[in-house]
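Enquirer: Take this structure first; my questions come after.
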Amino acid sequence: MFTSIYIFEEDSFRIFIKGYLCNENIFNIRPKFNQKFSNLFRPINLNAMRTTLSQKIPKRSVTSLIAVLLLTGTVSLGTACDDDKDYSRREHIEWSNSPEFEEALTGTLHIPVRASKEQESAPFKRSIYIRSNVAYQAGFEGEKEESGELPAGEWLSVDEIRRGVRPGIDELVLLITPHTGAYVERKGCISLHTDVEFLNEFIAVVQGFPKYTKEYEGNFDWLKYGSAEPLETRGETPIDSWTADQKKMGLESTPAQEGGTAYCYGKNGYVKLGDEDGHGANLLTPYDPAIRNDTAAMVRFNAIAYAAADGTKDNDELTVRITGGGQFADGTTEKTVRVGHLDPTAEELPTAMWENSQQEFIIFSHPKNPFTSNTRVELMAGKYEMESGNTRIFIDNLYVLRLKWYDFEDLFGKLPWEQNIPRH
């Protein structure tokens with residue numbers, strides 16, 4: 001077995017140890033060094049050094065020396081398979097987001113949820129670039145989704161391979177289905193297979209955003225009360241009477257009066273806030289302490305107000321409130337929106353009612369009003385006791401999603417610090 005130490009020329013204490021942590025029969029791991037930095041390494045054969053080292057360093061001192069190097073933080077550990085993953089081998093295959101191969105290869109490809117705000121539902125294309133001197137085949141496999149929103153593999157495909165766009169570089173064109181529903185992240189893997197033993201590349205692909213509270217499902221498919229018809233009230237069930245498992249999802253609603261009833265109802269696949277007797281209601285998202293570590297999050301849901309068969313319409317004002325810490329970009333913690341009304345004459349009303357009903361907001365952790373373990377989002381339909389009229393609003397696909405820096409570029413074309421975020 002060939003084992004070597006690489007020492008950065010400009011810093012003799014930076015050591016890259018190769019050959020200890022990779023089982024070539026199991027793993028397919030190759031360190032991805034940028035070739036323009038390859039002159040910073042010079043190989044030293046450990047076998048040739050053993051005699052000299054053993055003469056100069058007592059055995060009892062070796063452990064201490066290694067400990068010192070580790071504590072100073074100057075030792076870098078990496079993994080590489082001995083024969084098939086030697087960086088000097090002639091066969092290679094790697095990928096990048098640009099044909100210049102100047103971007104760091106992170107191992108994960110982040111796909112936007114849509115082409116643009118103006119093209120939310122149209123399939124779109126994105127390209128990555130492959131540098132290889134061996135023949136390969138490209139394919140995609142989607143990770144099985146718990147929600148069943150799309151069968152595995154259907155949201156991305158390899159549309160075309162444009163050979164030789166640069167010397168030794170191909171363009172891999174991907175055809176992508178927009179993820180404009182719940183936005184909850186979905187995953188898959190692009191595989192680049194070659195006929196060379198152990199020489200393959202696997203690219204993790206992510207589209208969408210990770211949700212807080214992994215056990216919580218905001219699509220409400222777990223609610224099976226009454227009818228999916230919004231005008232039918234028989235069987236709908238107050239939140240206080242939900243099953244123990246349903247209550248474990250973490251949603252809460254505040255009673256209109258202390259010790260009284262919360263007028264929040266579970267229906268078949270969604271939630272209703274308010275009733276026909278002039279009571280409003282709220283709905284609070286689950287607690288998740290992990291949000292306190294983040295800078296920004298997205299709140300998204302579908303909301304539509306009630307309209308009777310005779311055309312009579314309820315009030316349609318919904319208040320979105322941040323409680324426990326955090327704020328909107330303008331520094332406020334509360335916004336009121338008009339959600340519009342369903343069309344009671346529409347065919348397939350349980351489906352048609354949700355068209356154009358999506359709402360989304362970005363919330364921020366500000367130094368003077370940071371996210372905390374108690375940060376939650378509250379949706380409030382009307383008032384607990386309204387002076388006149390009713391405010392019945394139906395809610396579905398309620399999620400709070402974690403945002404990272406690359407999400408801002410995908411959603412807005414800007415990074416977080418370029419947004420209109422209050423600095424006071």
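Within each chain, counting starts at residue 1; across the structure tokens, chains are named A, B, ... in the order shown, with ligands numbered 1 upward in that order.
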Fewer than 2 positions away in the same chain doesn't count, so skip those; otherwise give me all residues within 12 Å of Gly218 (chain A), counting only C-alpha atoms, as an MDAnalysis selection string.
Expert: chainID A and resid 147 181:184 211:216 220:223 246 249:251 269:271 284:286 299:302 395:401
Enquirer: Grab the residues selected above and save them as a PDB file, in the first residue's frame with C-alpha atoms.
Expert:
```
ATOM      1  CA  SER A 147     -45.714  13.522   1.063  1.00  0.00           C
ATOM      2  CA  GLY A 181     -46.480  23.902  -3.887  1.00  0.00           C
ATOM      3  CA  ALA A 182     -45.425  23.578  -0.280  1.00  0.00           C
ATOM      4  CA  TYR A 183     -41.735  24.343  -1.052  1.00  0.00           C
ATOM      5  CA  VAL A 184     -40.691  21.562   1.343  1.00  0.00           C
ATOM      6  CA  LYS A 211     -38.904  22.487   7.324  1.00  0.00           C
ATOM      7  CA  TYR A 212     -38.747  23.034  11.040  1.00  0.00           C
ATOM      8  CA  THR A 213     -40.281  20.323  13.251  1.00  0.00           C
ATOM      9  CA  LYS A 214     -39.666  17.292  11.054  1.00  0.00           C
ATOM     10  CA  GLU A 215     -42.588  15.360  12.540  1.00  0.00           C
ATOM     11  CA  TYR A 216     -45.044  18.088  11.569  1.00  0.00           C
ATOM     12  CA  PHE A 220     -53.041  18.388   6.864  1.00  0.00           C
ATOM     13  CA  ASP A 221     -53.555  15.079   5.069  1.00  0.00           C
ATOM     14  CA  TRP A 222     -53.666  13.592   8.555  1.00  0.00           C
ATOM     15  CA  LEU A 223     -56.960  15.394   9.262  1.00  0.00           C
ATOM     16  CA  GLN A 246     -52.971  14.820  15.860  1.00  0.00           C
ATOM     17  CA  MET A 249     -48.200  17.763  15.587  1.00  0.00           C
ATOM     18  CA  GLY A 250     -47.877  20.838  17.807  1.00  0.00           C
ATOM     19  CA  LEU A 251     -50.539  23.164  16.382  1.00  0.00           C
ATOM     20  CA  GLY A 269     -57.381  17.677   4.606  1.00  0.00           C
ATOM     21  CA  TYR A 270     -57.354  21.277   5.827  1.00  0.00           C
ATOM     22  CA  VAL A 271     -58.298  23.612   8.703  1.00  0.00           C
ATOM     23  CA  LEU A 284     -50.187  28.823  15.985  1.00  0.00           C
ATOM     24  CA  THR A 285     -47.368  26.899  14.325  1.00  0.00           C
ATOM     25  CA  PRO A 286     -45.450  24.322  16.394  1.00  0.00           C
ATOM     26  CA  VAL A 299     -43.682  31.289   6.248  1.00  0.00           C
ATOM     27  CA  ARG A 300     -45.942  29.902   3.524  1.00  0.00           C
ATOM     28  CA  PHE A 301     -49.555  28.723   3.478  1.00  0.00           C
ATOM     29  CA  ASN A 302     -52.712  28.662   1.397  1.00  0.00           C
ATOM     30  CA  ILE A 395     -55.936  27.110   5.753  1.00  0.00           C
ATOM     31  CA  ASP A 396     -53.750  24.463   4.099  1.00  0.00           C
ATOM     32  CA  ASN A 397     -50.033  23.757   3.543  1.00  0.00           C
ATOM     33  CA  LEU A 398     -48.870  25.780   6.533  1.00  0.00           C
ATOM     34  CA  TYR A 399     -45.083  25.586   6.890  1.00  0.00           C
ATOM     35  CA  VAL A 400     -42.200  27.512   8.409  1.00  0.00           C
ATOM     36  CA  LEU A 401     -39.101  26.762   6.317  1.00  0.00           C
TER      37      LEU A 401
END
```
Enquirer: What separation in Å, quoted to one decimal, exists between CA of Phe202 (chain A) and CA of Gly107 (chain A)?
Expert: 8.1 Å
Enquirer: Do you have, as a tab-separated table, the list of residues of region 268-322 of chain A lying at most 10 Å from region 364-383 of chain A, each with its nearest atom pair and that distance in Å to one decimal, counting only C-alpha atoms and ordered by chain then number?
Expert:
```
residue	atom	partner	partner_atom	distance
A:Lys272	CA	A:Ala381	CA	9.5
A:Leu273	CA	A:Ala381	CA	6.2
A:Gly274	CA	A:Ala381	CA	6.7
A:Gly278	CA	A:Lys383	CA	8.7
A:His279	CA	A:Lys383	CA	6.9
A:Gly280	CA	A:Lys383	CA	4.8
A:Ala281	CA	A:Ala381	CA	5.5
A:Asn282	CA	A:Met380	CA	4.2
A:Leu283	CA	A:Leu379	CA	5.2
A:Leu284	CA	A:Glu378	CA	4.5
A:Thr285	CA	A:Val377	CA	5.5
A:Pro286	CA	A:Arg376	CA	6.8
A:Tyr287	CA	A:Arg376	CA	6.3
A:Asp288	CA	A:Ser373	CA	6.4
A:Pro289	CA	A:Ser373	CA	3.9
A:Ala290	CA	A:Ser373	CA	7.0
A:Ile291	CA	A:Phe371	CA	6.5
A:Arg292	CA	A:Thr372	CA	4.5
A:Asn293	CA	A:Phe371	CA	7.6
A:Asp294	CA	A:Ser365	CA	7.3
A:Thr295	CA	A:Ser365	CA	5.1
A:Ala296	CA	A:Phe364	CA	4.5
A:Ala297	CA	A:Phe364	CA	6.6
A:Met298	CA	A:Phe364	CA	8.9
A:Val299	CA	A:Val377	CA	7.8
A:Phe301	CA	A:Leu379	CA	9.9
A:Ala303	CA	A:Leu379	CA	10.0
A:Ala305	CA	A:Ala381	CA	9.3
A:Asp314	CA	A:Gly382	CA	10.0
A:Asn315	CA	A:Gly382	CA	7.5
A:Asp316	CA	A:Ala381	CA	7.8
A:Glu317	CA	A:Gly382	CA	6.3
A:Leu318	CA	A:Ala381	CA	4.9
A:Thr319	CA	A:Met380	CA	5.0
A:Val320	CA	A:Leu379	CA	4.9
A:Arg321	CA	A:Glu378	CA	5.0
A:Ile322	CA	A:Val377	CA	4.8
```
Enquirer: For a test of reading the model, state the distance in Å between CA of Glu217 (chain A) and CA of Pro255 (chain A), rounded to one decimal.
Expert: 23.2 Å
Enquirer: Just the residues within 7 Å of region 230-237 of chain A, please, counting only C-alpha atoms, with nothing from its chain fewer than 3 positions along; format it as a JSON list (two decimals) with C-alpha atoms, in the first residue's frame.
Expert:
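Result written to out-v9.json:
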```json
[["chain", "number", "residue", "atom", "x", "y", "z"],
["A", 225, "TYR", "CA", -62.95, 15.00, 9.64],
["A", 226, "GLY", "CA", -66.23, 15.50, 7.83],
["A", 227, "SER", "CA", -66.22, 16.46, 4.19],
["A", 241, "SER", "CA", -61.28, 17.22, 20.20],
["A", 265, "TYR", "CA", -61.83, 23.18, 13.19],
["A", 266, "GLY", "CA", -60.25, 20.21, 11.50],
["A", 267, "LYS", "CA", -61.82, 19.26, 8.18],
["A", 308, "ALA", "CA", -71.98, 30.91, 0.67],
["A", 350, "PRO", "CA", -62.36, 21.10, -2.86]]
```
Enquirer: Considering only C-alpha atoms, can you say which of A:Thr351, A:Thr243, A:Gln359, A:Asn97 comes closest to Lys335 (chain A)?
Expert: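 Ranked by minimum distance to Lys335 (chain A), first place goes to A:Gln359.
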Enquirer: Which residue out of A:Ala256, A:Val113, A:Ile190, A:Ala122 has the minimum interatomic distance to Glu143 (chain A) when only C-alpha atoms are used?
Expert: A:Ile190
Enquirer: One decimal, Å: what's the distance from CA of Val339 (chain A) over to CA of Pro178 (chain A), could you say?
Expert: 23.4 Å
